[in-house]
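Taking it in order: structure first as structure tokens, then the write-up.
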Amino acid sequence: MTIYSFLFYFFEVSAAVAAIAMVFSRHVFYAALFFLVCLLCVAGLYVLAWAEFVAVTQILIYAGGVLVLILFGIMLTAKMGAKPLRVGHGNVVSGALISISFFSLIAYYIYAQFSNATTSGSVLNSSNTVETIGLSLMTSYMLPFEIAGILLLIALIGAAVIASHKSKSA
Amino acid sequence: MESATLYSPAFETCLVLAFFLPLLSFILSLTIQEQYAWIVSLSAPVLLLISTVSAYYVGIQVWDNDPYHIQYTWFSVSSTTVHIGMLVDNLAALMLIVVTFVSFLVHLYSLGYMAGDSATRRYFAMLGLFTFAMLGIVLSDSVLLIFIFWELVGFSSYMLIGHWQHKPEAAAASRKAFVLNRIGDAGFMVGLMILWANTGTFSLVELASITNISSWNTIASLCLFCGVIGKSAQFPLLTWLPDAMEGPTPVSALIHAATMVAAGVFLLARVDFLFSPEALLVLVIIGITTSVMAALAALVQTDIKKILAYSTISQLGLMVTACGAGAPEVGMMHLFTHAFFKACLFLCAGSVIHVLHRAQHQQHVHFDVQDVRNLGGLRKKLPFTFLATTVSGAALAGIPFFSGFVSKEAIFTALYEWKGDSFSLRWIIFGLAFIVSFLTVLYIVRLIALVFLGQERATQQLSIEEPPIIMRAPMALLAFGSLWFIVSWNPFAFNGWLMPEAEGHSLFLTIFSIAWVASALVASFFLYRNNILITAEFLRQSFYLNYLYERLVGRPVVALAVLTEKADRKWIDGFLHTTAYAQILTAHIFAWFDRAIIDGSVNGTAYTVRLIGSLTRSFQGGKIQFYVFIAVFALIIFLISSLI
Amino acid sequence: MLPVTHLLYLGAIVFAAGLMMVITKRNAIMVLLGIELMLNAANINLVAFNYQHAHNLDGQLFSLFVIIVAVCETAVGLAIVLRVYQEYQRVVPDQIDELKD
């Protein structure tokens, strides 16, 4: 049992548990926290999978931006009172059925395709990931990069417009 | 079509005139309007006179020659044809003359008797129709045609008896006459059917040529005899004739003395060849029974016309007996003489009634003119009527030098021949005929004595005179016809010019019958002198036959009618109501069915469609998570299917 | 060497969890969280395949763009949720069904 595999399994199991715990949690805030845990574990997995830039981006943007946004949203939409916000469940049976069947399907596909797959991760060790990503962004992936920028701009403006609209009664 | 070639067109013209002029009189009298009613009094007798003269000419031509026969095809049904036609032989010619002559005289008499009556047109019309129908019976050549005219005679006699419609007794009497005639005619029809079934023809000429007497003959002939029983008032259907005296007296003279009642005897003479010996025996028994019953009943009646009615029945019985004894020509001879003297007797009774009615109206006295107990001693005031009555009464009684004696002689001789030698039923019948003759003398002398002789009773204060000449002339002619030479030149022999081939004249019988009549005259004068009035309620009510019929037949029939009316009302109408209700019920069921099931199914279909619509519409509930679920569900289904 | 199939299985589990949250939770924020989970699962898959075929870094670049899109979408989505909360005073998705037929 090397350290790699131990960490790998640890992060993997934590991410799965955190994701499943999110499903069963009743409080929105606890679900957001479990989401944070999941994100961090996934970032760790990224690191172990030789995708350190993605891992850092994940932590910075996902955990630092999206999660904070979601926390803001939780706080703004919770009713101000002594009780914490408890969320009910609906469509439980159908949801469980759908997700379990979806998972089984995917698992079956995975099993059928990749039961004897090999990995070739040795090529990746020697390159500098950040430099490669930067070069690719500026050369091969220029268009998606620019469009991503425009998309961010649009999202910014749109979110600002929608959220700032005062209701008539106020 | 066949016709006898030896007769001239003049003959045929006269035949047509004789037959159809009474019909013309009928049509004329019916169609003429109220204001011209006096024309009928002129036209009817004139037409009948021409008819009589023509009939006389026809009779002279046909007498003792070949019969005149003409035939036309009436209709044919597949293979059978029915013919109608005329047959004029000796028998028909005799009756032709009698019918037209007596009818003419009665027309003349009616002009006086029915003067002032309110319905003279109908009266003369019916007289004409009756004469026409009677001539139809006489001249027909087929039994079917005789039956048709038989019915017509019945109808016109019904109309004539019930002429005075305001009298309920007259209406009841005419109805009784019609019904009893109908009963007889039912038998007649059955006889016709049996005849047709066995021989396939109705024609008299063809029937006469059938010589074998088989078993059906008895039945057919007896059924035909039923018609005779009804029409000629034999026992048991004799009760209608006394009641028919409710009609006017000329009608009684024509119908119930001379012609209609004689139609039965005429029929017997016509179809004589059909009768088997057993049937003839039945004829004789019924005839003599009728004769004796009626003679006994006539002895105790108190009404003039009823005495004469019972006398008619009795004489008819004698005629039927003669026919049954195998001598139909003797029966016809008696019919011939009876027509004259009985018609004369009726007309004399009518004149008595007429003048007394007139005197009653003028002097405002009311008593029953027809009741002989009220009359008497009219000989002084009505000498002519008395003379006519005496002459015809003597003929009825069978006194020598009168026609009745000759024809009665013929009857006794026929019975004597028939009775055979050994003592049996036939001897008894022979004896009964003599008893009838005795009784005849008794009752006619009683009538004359009570009405004309002795002291006046209720009529003492009345001033009466003889009827007008138009009424006396027919009486005179008929009385003249009651004398002996109408039948034969020899007053004592009946094989004179009327019946030249009669046999079996027995001198012993002649002398015996003269003595018998003389003793009867003595007995009756004795009874009259000593004022012995025979009364017997039993006989007066004609053996209670009326009462018997009313109890045995009338009441059950009425009860049956009531029962059928009730059945019709309750069950048939009830059944109809039930079917109506059932129909309504079915209609309601169908309405319910239509409403509930058919409309319901249509509505149900619409409801189901709406249900499915809202069900499918519920998919768009606006629930986002449901949409997501469905999308993923579809994706999974797709994936699973690609897996398989 | 890390087994790639494990990562794939993990991706499947996370995706299923996210799907379950989207379908069953009665709170719009939780739904958004579910969507984030699903996007994360896609990222895991991308990185896993990049790890398997490591001759270029396409997978990682793709996952960067995924993260960018996720950020935009979260921002706009939250803005909408806030707006809806202002209108209806509640954030239960099933109760906001004015778009229904």
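So you can find residues: chains in the structure tokens are A, B, ... in the order shown, residues in each start at 1, and ligands are numbered from 1 in order.
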Proximity check chain C to chain B, 8 Å, nearest pairs one decimal Å, only C-alpha atoms, as CSV:
residue,atom,partner,partner_atom,distance
C:Val22,CA,B:Gln625,CA,6.6
C:Ile23,CA,B:Gln625,CA,4.9
C:Thr24,CA,B:Gln625,CA,7.4
C:Pro93,CA,B:Ile624,CA,6.7
C:Asp94,CA,B:Lys623,CA,5.0
C:Gln95,CA,B:Lys623,CA,7.8
C:Ile96,CA,B:Gly622,CA,7.5
C:Asp97,CA,B:Gly622,CA,4.4
C:Glu98,CA,B:Gly622,CA,6.7
C:Leu99,CA,B:Gly622,CA,5.6
C:Lys100,CA,B:Gly622,CA,4.2
C:Asp101,CA,B:Gln620,CA,6.3
Practice item. Might you pull out every residue within 10 Å of Val81 in chain C, with only C-alpha atoms counted and same-chain residues fewer than 5 positions away left off, and present them as a list in words? Key: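 The contact residues come out as Gly73, Ile74, Leu76, Thr77, Ile162 and Ala163 of chain A; Ala28, Ile29, Leu32, Ala75, Val76, Gln86, Glu87, Arg90, Val91 and Pro93 of chain C.
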Exercise for review: May I have the residues within 8 Å of range 431-438 of chain B as a VMD selection string, using only C-alpha atoms and disregarding those fewer than 6 positions away in the same chain?
Suggested key: chain B and resid 288 291 to 292 295 314 318 397 to 398 412 516 to 517 520
Exercise for review: Provide the CA of Arg426 in chain B to CA of Ser276 in chain B distance in Å, to one decimal place.
Suggested key: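 Taking CA of Arg426 in chain B and CA of Ser276 in chain B, their separation equals 16.8 Å.
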Near Val56 in chain A, counting only C-alpha atoms, which residues have an atom at most 10 Å away, once you skip same-chain residues fewer than 2 positions from it, shown as a short mmCIF file (atom, residue, chain, number, x, y, z; two decimals) with N, CA and C atoms, in the first residue's frame?
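Printed below is out.cif as written:
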data_model
loop_
_atom_site.label_atom_id
_atom_site.label_comp_id
_atom_site.auth_asym_id
_atom_site.auth_seq_id
_atom_site.Cartn_x
_atom_site.Cartn_y
_atom_site.Cartn_z
N LEU A 40 -13.06 19.70 -2.10
CA LEU A 40 -11.67 19.60 -1.68
C LEU A 40 -11.12 18.19 -1.98
N ALA A 43 -10.45 17.93 -5.57
CA ALA A 43 -9.21 18.64 -5.91
C ALA A 43 -7.99 17.79 -5.57
N GLY A 44 -8.03 17.12 -4.45
CA GLY A 44 -6.94 16.24 -4.10
C GLY A 44 -6.76 15.14 -5.13
N TYR A 46 -7.53 15.37 -8.20
CA TYR A 46 -6.94 15.96 -9.39
C TYR A 46 -5.41 16.02 -9.27
N VAL A 47 -5.01 16.42 -8.07
CA VAL A 47 -3.56 16.51 -7.86
C VAL A 47 -2.91 15.15 -8.09
N ALA A 51 -3.14 16.57 -12.53
CA ALA A 51 -3.80 17.75 -13.12
C ALA A 51 -3.85 18.82 -12.05
N GLU A 52 -2.61 19.37 -11.74
CA GLU A 52 -2.53 20.29 -10.59
C GLU A 52 -3.14 21.62 -10.90
N PHE A 53 -3.12 22.08 -12.12
CA PHE A 53 -3.71 23.39 -12.44
C PHE A 53 -5.24 23.34 -12.23
N VAL A 54 -5.77 22.26 -12.71
CA VAL A 54 -7.24 22.10 -12.54
C VAL A 54 -7.57 22.03 -11.07
N GLN A 58 -9.92 24.57 -9.28
CA GLN A 58 -11.08 24.05 -8.56
C GLN A 58 -11.17 24.67 -7.18
N ILE A 59 -10.11 24.63 -6.46
CA ILE A 59 -10.17 25.16 -5.09
C ILE A 59 -10.42 26.66 -5.11
N LEU A 60 -9.70 27.37 -5.99
CA LEU A 60 -9.83 28.82 -5.99
C LEU A 60 -11.25 29.25 -6.39
N ILE A 61 -11.66 28.72 -7.56
CA ILE A 61 -12.91 29.24 -8.14
C ILE A 61 -14.12 28.51 -7.58
N TYR A 62 -14.02 27.22 -7.65
CA TYR A 62 -15.19 26.45 -7.22
C TYR A 62 -15.40 26.64 -5.72
N ALA A 63 -14.47 26.20 -4.96
CA ALA A 63 -14.65 26.25 -3.51
C ALA A 63 -14.67 27.69 -3.02
#
Exercise for review: Compute the set of chain C residues within 7 Å of chain A, using only C-alpha atoms, and express it as a PyMOL selection string.
Suggested key: chain C and resi 2+5+9-10+12-14+16-17+19-21+23-27+29-30+51-55+60-61+64+71-72+74-76+78-80+82-83+85-86
Please write the residues from the selection above to a file, keeping C-alpha atoms, as an mmCIF file, in the first residue's frame.
data_model
loop_
_atom_site.group_PDB
_atom_site.id
_atom_site.type_symbol
_atom_site.label_atom_id
_atom_site.label_comp_id
_atom_site.auth_asym_id
_atom_site.auth_seq_id
_atom_site.Cartn_x
_atom_site.Cartn_y
_atom_site.Cartn_z
ATOM 1 C CA LEU C 2 -3.903 4.757 -10.115
ATOM 2 C CA THR C 5 -11.945 2.898 -13.460
ATOM 3 C CA TYR C 9 -16.986 4.963 -10.759
ATOM 4 C CA LEU C 10 -16.567 7.939 -8.490
ATOM 5 C CA ALA C 12 -20.812 8.003 -11.692
ATOM 6 C CA ILE C 13 -21.613 8.078 -7.992
ATOM 7 C CA VAL C 14 -21.249 11.856 -7.767
ATOM 8 C CA ALA C 16 -26.087 10.048 -9.476
ATOM 9 C CA ALA C 17 -26.037 11.934 -6.224
ATOM 10 C CA LEU C 19 -29.272 13.835 -10.091
ATOM 11 C CA MET C 20 -30.992 12.632 -6.960
ATOM 12 C CA MET C 21 -30.629 16.062 -5.386
ATOM 13 C CA ILE C 23 -35.089 15.550 -8.509
ATOM 14 C CA THR C 24 -35.916 15.188 -4.859
ATOM 15 C CA LYS C 25 -34.961 18.369 -3.012
ATOM 16 C CA ARG C 26 -37.635 20.937 -2.310
ATOM 17 C CA ASN C 27 -35.314 23.898 -2.281
ATOM 18 C CA ILE C 29 -30.542 26.213 -3.678
ATOM 19 C CA MET C 30 -30.269 22.478 -3.156
ATOM 20 C CA TYR C 51 -4.881 10.728 -16.923
ATOM 21 C CA GLN C 52 -5.414 7.667 -19.065
ATOM 22 C CA HIS C 53 -4.385 9.190 -22.398
ATOM 23 C CA ALA C 54 -1.801 11.694 -21.307
ATOM 24 C CA HIS C 55 -0.152 12.680 -24.568
ATOM 25 C CA GLN C 60 -7.684 19.432 -18.386
ATOM 26 C CA LEU C 61 -8.321 22.411 -20.614
ATOM 27 C CA LEU C 64 -11.187 24.460 -17.064
ATOM 28 C CA VAL C 71 -19.362 29.688 -12.413
ATOM 29 C CA CYS C 72 -21.426 31.689 -14.879
ATOM 30 C CA THR C 74 -24.234 29.527 -10.740
ATOM 31 C CA ALA C 75 -24.103 33.307 -10.700
ATOM 32 C CA VAL C 76 -27.076 33.734 -13.001
ATOM 33 C CA LEU C 78 -28.554 32.506 -7.927
ATOM 34 C CA ALA C 79 -29.632 35.854 -9.278
ATOM 35 C CA ILE C 80 -32.795 34.228 -10.555
ATOM 36 C CA LEU C 82 -33.025 35.707 -5.406
ATOM 37 C CA ARG C 83 -35.449 37.393 -7.731
ATOM 38 C CA TYR C 85 -37.582 34.769 -3.590
ATOM 39 C CA GLN C 86 -38.369 38.458 -3.773
#
Practice item. Record the distance separating CA of Phe405 in chain B and CA of Ala339 in chain B, expressed in Å with one decimal. Key: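 So the two atoms, CA of Phe405 in chain B and CA of Ala339 in chain B, lie 14.1 Å apart.
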Review point. Smallest atom-to-atom distance to Gly85 in chain B: which of B:Ser203, B:Thr390, B:Thr608, B:Thr321, using only C-alpha atoms?
Key: B:Ser203
Show which residues sit within 6 Å of Lys231 in chain B, as a PDB file with N, CA and C atoms, in the first residue's frame. Count only C-alpha atoms, and ignore same-chain residues fewer than 2 positions away.
ATOM      1  N   ASN B 181    -137.248 -16.564 -40.437  1.00  0.00           N
ATOM      2  CA  ASN B 181    -136.968 -16.893 -41.824  1.00  0.00           C
ATOM      3  C   ASN B 181    -135.496 -17.178 -42.011  1.00  0.00           C
ATOM      4  N   VAL B 228    -138.029 -24.180 -46.302  1.00  0.00           N
ATOM      5  CA  VAL B 228    -139.484 -24.220 -46.467  1.00  0.00           C
ATOM      6  C   VAL B 228    -140.165 -24.071 -45.113  1.00  0.00           C
ATOM      7  N   ILE B 229    -139.600 -24.729 -44.087  1.00  0.00           N
ATOM      8  CA  ILE B 229    -140.187 -24.611 -42.745  1.00  0.00           C
ATOM      9  C   ILE B 229    -140.224 -23.158 -42.319  1.00  0.00           C
ATOM     10  N   ALA B 233    -143.898 -21.301 -42.733  1.00  0.00           N
ATOM     11  CA  ALA B 233    -144.396 -21.337 -41.352  1.00  0.00           C
ATOM     12  C   ALA B 233    -144.875 -22.724 -40.943  1.00  0.00           C
ATOM     13  N   VAL B 261    -145.773 -17.274 -48.508  1.00  0.00           N
ATOM     14  CA  VAL B 261    -145.820 -18.536 -47.789  1.00  0.00           C
ATOM     15  C   VAL B 261    -145.975 -19.689 -48.771  1.00  0.00           C
ATOM     16  N   GLY B 264    -142.609 -21.579 -50.354  1.00  0.00           N
ATOM     17  CA  GLY B 264    -142.024 -22.805 -49.819  1.00  0.00           C
ATOM     18  C   GLY B 264    -142.573 -24.028 -50.526  1.00  0.00           C
TER      19      GLY B 264
END
Practice item. Could you give me the residues within range 34-91 of chain A that DSSP places in helix (DSSP H, G or I), as JSON, numbers by chain? Key: {"A": [34, 35, 36, 37, 38, 39, 40, 41, 42, 43, 44, 45, 46, 47, 48, 52, 53, 54, 55, 56, 57, 58, 59, 60, 61, 62, 63, 64, 65, 66, 67, 68, 69, 70, 71, 72, 73, 74, 75, 76, 77]}
Kindly export the residues of the current selection with N, CA and C atoms, as a compact mmCIF listing (two decimals), in the first residue's frame.
# COMPACT_ATOMS: atom_id res chain seq x y z
N PHE A 34 -20.99 20.06 3.08
CA PHE A 34 -20.60 18.77 2.50
C PHE A 34 -20.10 18.96 1.07
N PHE A 35 -20.70 19.90 0.40
CA PHE A 35 -20.24 20.20 -0.95
C PHE A 35 -18.79 20.69 -0.93
N LEU A 36 -18.49 21.50 0.06
CA LEU A 36 -17.11 21.98 0.19
C LEU A 36 -16.16 20.82 0.36
N VAL A 37 -16.51 19.91 1.24
CA VAL A 37 -15.67 18.72 1.49
C VAL A 37 -15.48 17.95 0.19
N CYS A 38 -16.57 17.77 -0.53
CA CYS A 38 -16.48 17.03 -1.79
C CYS A 38 -15.53 17.72 -2.75
N LEU A 39 -15.68 19.04 -2.85
CA LEU A 39 -14.83 19.77 -3.77
C LEU A 39 -13.36 19.60 -3.40
N LEU A 40 -13.06 19.70 -2.10
CA LEU A 40 -11.67 19.60 -1.68
C LEU A 40 -11.12 18.19 -1.98
N CYS A 41 -11.93 17.20 -1.73
CA CYS A 41 -11.46 15.84 -2.01
C CYS A 41 -11.25 15.65 -3.50
N VAL A 42 -12.10 16.19 -4.29
CA VAL A 42 -11.95 16.06 -5.74
C VAL A 42 -10.70 16.80 -6.18
N ALA A 43 -10.45 17.93 -5.57
CA ALA A 43 -9.21 18.64 -5.91
C ALA A 43 -7.99 17.79 -5.57
N GLY A 44 -8.03 17.12 -4.45
CA GLY A 44 -6.94 16.24 -4.10
C GLY A 44 -6.76 15.14 -5.13
N LEU A 45 -7.88 14.62 -5.61
CA LEU A 45 -7.82 13.58 -6.64
C LEU A 45 -7.20 14.13 -7.91
N TYR A 46 -7.53 15.37 -8.20
CA TYR A 46 -6.94 15.96 -9.39
C TYR A 46 -5.41 16.02 -9.27
N VAL A 47 -5.01 16.42 -8.07
CA VAL A 47 -3.56 16.51 -7.86
C VAL A 47 -2.91 15.15 -8.09
N LEU A 48 -3.53 14.12 -7.54
CA LEU A 48 -2.96 12.79 -7.69
C LEU A 48 -3.01 12.31 -9.14
N GLU A 52 -2.61 19.37 -11.74
CA GLU A 52 -2.53 20.29 -10.59
C GLU A 52 -3.14 21.62 -10.90
N PHE A 53 -3.12 22.08 -12.12
CA PHE A 53 -3.71 23.39 -12.44
C PHE A 53 -5.24 23.34 -12.23
N VAL A 54 -5.77 22.26 -12.71
CA VAL A 54 -7.24 22.10 -12.54
C VAL A 54 -7.57 22.03 -11.07
N ALA A 55 -6.75 21.36 -10.31
CA ALA A 55 -7.01 21.24 -8.88
C ALA A 55 -6.98 22.61 -8.22
N VAL A 56 -6.01 23.37 -8.54
CA VAL A 56 -5.92 24.71 -7.92
C VAL A 56 -7.07 25.57 -8.37
N THR A 57 -7.37 25.48 -9.70
CA THR A 57 -8.51 26.26 -10.19
C THR A 57 -9.79 25.85 -9.45
N GLN A 58 -9.92 24.57 -9.28
CA GLN A 58 -11.08 24.05 -8.56
C GLN A 58 -11.17 24.67 -7.18
N ILE A 59 -10.11 24.63 -6.46
CA ILE A 59 -10.17 25.16 -5.09
C ILE A 59 -10.42 26.66 -5.11
N LEU A 60 -9.70 27.37 -5.99
CA LEU A 60 -9.83 28.82 -5.99
C LEU A 60 -11.25 29.25 -6.39
N ILE A 61 -11.66 28.72 -7.56
CA ILE A 61 -12.91 29.24 -8.14
C ILE A 61 -14.12 28.51 -7.58
N TYR A 62 -14.02 27.22 -7.65
CA TYR A 62 -15.19 26.45 -7.22
C TYR A 62 -15.40 26.64 -5.72
N ALA A 63 -14.47 26.20 -4.96
CA ALA A 63 -14.65 26.25 -3.51
C ALA A 63 -14.67 27.69 -3.02
N GLY A 64 -13.85 28.54 -3.60
CA GLY A 64 -13.76 29.91 -3.08
C GLY A 64 -14.85 30.80 -3.64
N GLY A 65 -15.26 30.61 -4.94
CA GLY A 65 -16.23 31.52 -5.52
C GLY A 65 -17.65 30.97 -5.49
N VAL A 66 -17.79 29.84 -6.11
CA VAL A 66 -19.14 29.27 -6.26
C VAL A 66 -19.74 28.96 -4.90
N LEU A 67 -18.92 28.38 -4.07
CA LEU A 67 -19.46 27.98 -2.78
C LEU A 67 -19.87 29.19 -1.97
N VAL A 68 -19.07 30.24 -2.04
CA VAL A 68 -19.39 31.47 -1.31
C VAL A 68 -20.68 32.07 -1.86
N LEU A 69 -20.77 32.05 -3.17
CA LEU A 69 -22.01 32.52 -3.80
C LEU A 69 -23.23 31.76 -3.26
N ILE A 70 -23.04 30.46 -3.23
CA ILE A 70 -24.16 29.64 -2.76
C ILE A 70 -24.47 29.94 -1.30
N LEU A 71 -23.47 30.16 -0.53
CA LEU A 71 -23.72 30.50 0.86
C LEU A 71 -24.47 31.81 0.95
N PHE A 72 -24.09 32.75 0.10
CA PHE A 72 -24.81 34.02 0.07
C PHE A 72 -26.27 33.77 -0.26
N GLY A 73 -26.46 32.96 -1.27
CA GLY A 73 -27.83 32.69 -1.66
C GLY A 73 -28.61 32.04 -0.53
N ILE A 74 -27.98 31.11 0.15
CA ILE A 74 -28.67 30.44 1.27
C ILE A 74 -29.06 31.46 2.31
N MET A 75 -28.16 32.29 2.63
CA MET A 75 -28.47 33.25 3.69
C MET A 75 -29.54 34.21 3.26
N LEU A 76 -29.50 34.66 1.99
CA LEU A 76 -30.49 35.65 1.53
C LEU A 76 -31.90 35.06 1.39
N THR A 77 -31.95 33.77 1.10
CA THR A 77 -33.29 33.20 0.88
C THR A 77 -33.83 32.43 2.06
Exercise for review: Figure out the distance between CA of Gly600 in chain B and CA of Gly613 in chain B, please, to one decimal in Å.
Suggested key: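 These two atoms are separated by 19.1 Å.
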**Study point:** Surrounding residues of Leu308 in chain B excluding itself and chain neighbours under 2 positions, 8 Å, only C-alpha atoms, as a VMD selection string
**Key:** chain B and resid 298 304 to 306 310 to 312 342 345 to 346
Selected residues, N, CA and C atoms, written as a PDB file, in the first residue's frame, please.
ATOM      1  N   ALA B 298    -156.498 -22.162 -34.216  1.00  0.00           N
ATOM      2  CA  ALA B 298    -157.414 -21.228 -34.877  1.00  0.00           C
ATOM      3  C   ALA B 298    -158.807 -21.260 -34.252  1.00  0.00           C
ATOM      4  N   ILE B 304    -159.537 -11.459 -35.517  1.00  0.00           N
ATOM      5  CA  ILE B 304    -159.927 -11.912 -36.864  1.00  0.00           C
ATOM      6  C   ILE B 304    -158.711 -12.387 -37.643  1.00  0.00           C
ATOM      7  N   LYS B 305    -157.726 -11.499 -37.695  1.00  0.00           N
ATOM      8  CA  LYS B 305    -156.593 -11.806 -38.570  1.00  0.00           C
ATOM      9  C   LYS B 305    -155.799 -12.987 -38.055  1.00  0.00           C
ATOM     10  N   LYS B 306    -155.779 -13.174 -36.739  1.00  0.00           N
ATOM     11  CA  LYS B 306    -155.033 -14.308 -36.226  1.00  0.00           C
ATOM     12  C   LYS B 306    -155.731 -15.618 -36.558  1.00  0.00           C
ATOM     13  N   TYR B 310    -153.712 -18.504 -38.559  1.00  0.00           N
ATOM     14  CA  TYR B 310    -153.577 -19.912 -38.197  1.00  0.00           C
ATOM     15  C   TYR B 310    -154.200 -20.813 -39.253  1.00  0.00           C
ATOM     16  N   SER B 311    -155.242 -20.300 -39.866  1.00  0.00           N
ATOM     17  CA  SER B 311    -155.848 -21.064 -40.951  1.00  0.00           C
ATOM     18  C   SER B 311    -154.858 -21.233 -42.091  1.00  0.00           C
ATOM     19  N   THR B 312    -154.148 -20.176 -42.393  1.00  0.00           N
ATOM     20  CA  THR B 312    -153.130 -20.272 -43.447  1.00  0.00           C
ATOM     21  C   THR B 312    -152.089 -21.315 -43.101  1.00  0.00           C
ATOM     22  N   LYS B 342    -158.075 -17.508 -49.734  1.00  0.00           N
ATOM     23  CA  LYS B 342    -157.505 -16.915 -48.527  1.00  0.00           C
ATOM     24  C   LYS B 342    -157.255 -15.435 -48.713  1.00  0.00           C
ATOM     25  N   LEU B 345    -160.511 -13.826 -48.192  1.00  0.00           N
ATOM     26  CA  LEU B 345    -160.859 -13.753 -46.773  1.00  0.00           C
ATOM     27  C   LEU B 345    -160.118 -12.613 -46.088  1.00  0.00           C
ATOM     28  N   PHE B 346    -158.839 -12.478 -46.397  1.00  0.00           N
ATOM     29  CA  PHE B 346    -158.073 -11.408 -45.778  1.00  0.00           C
ATOM     30  C   PHE B 346    -158.581 -10.035 -46.195  1.00  0.00           C
TER      31      PHE B 346
END
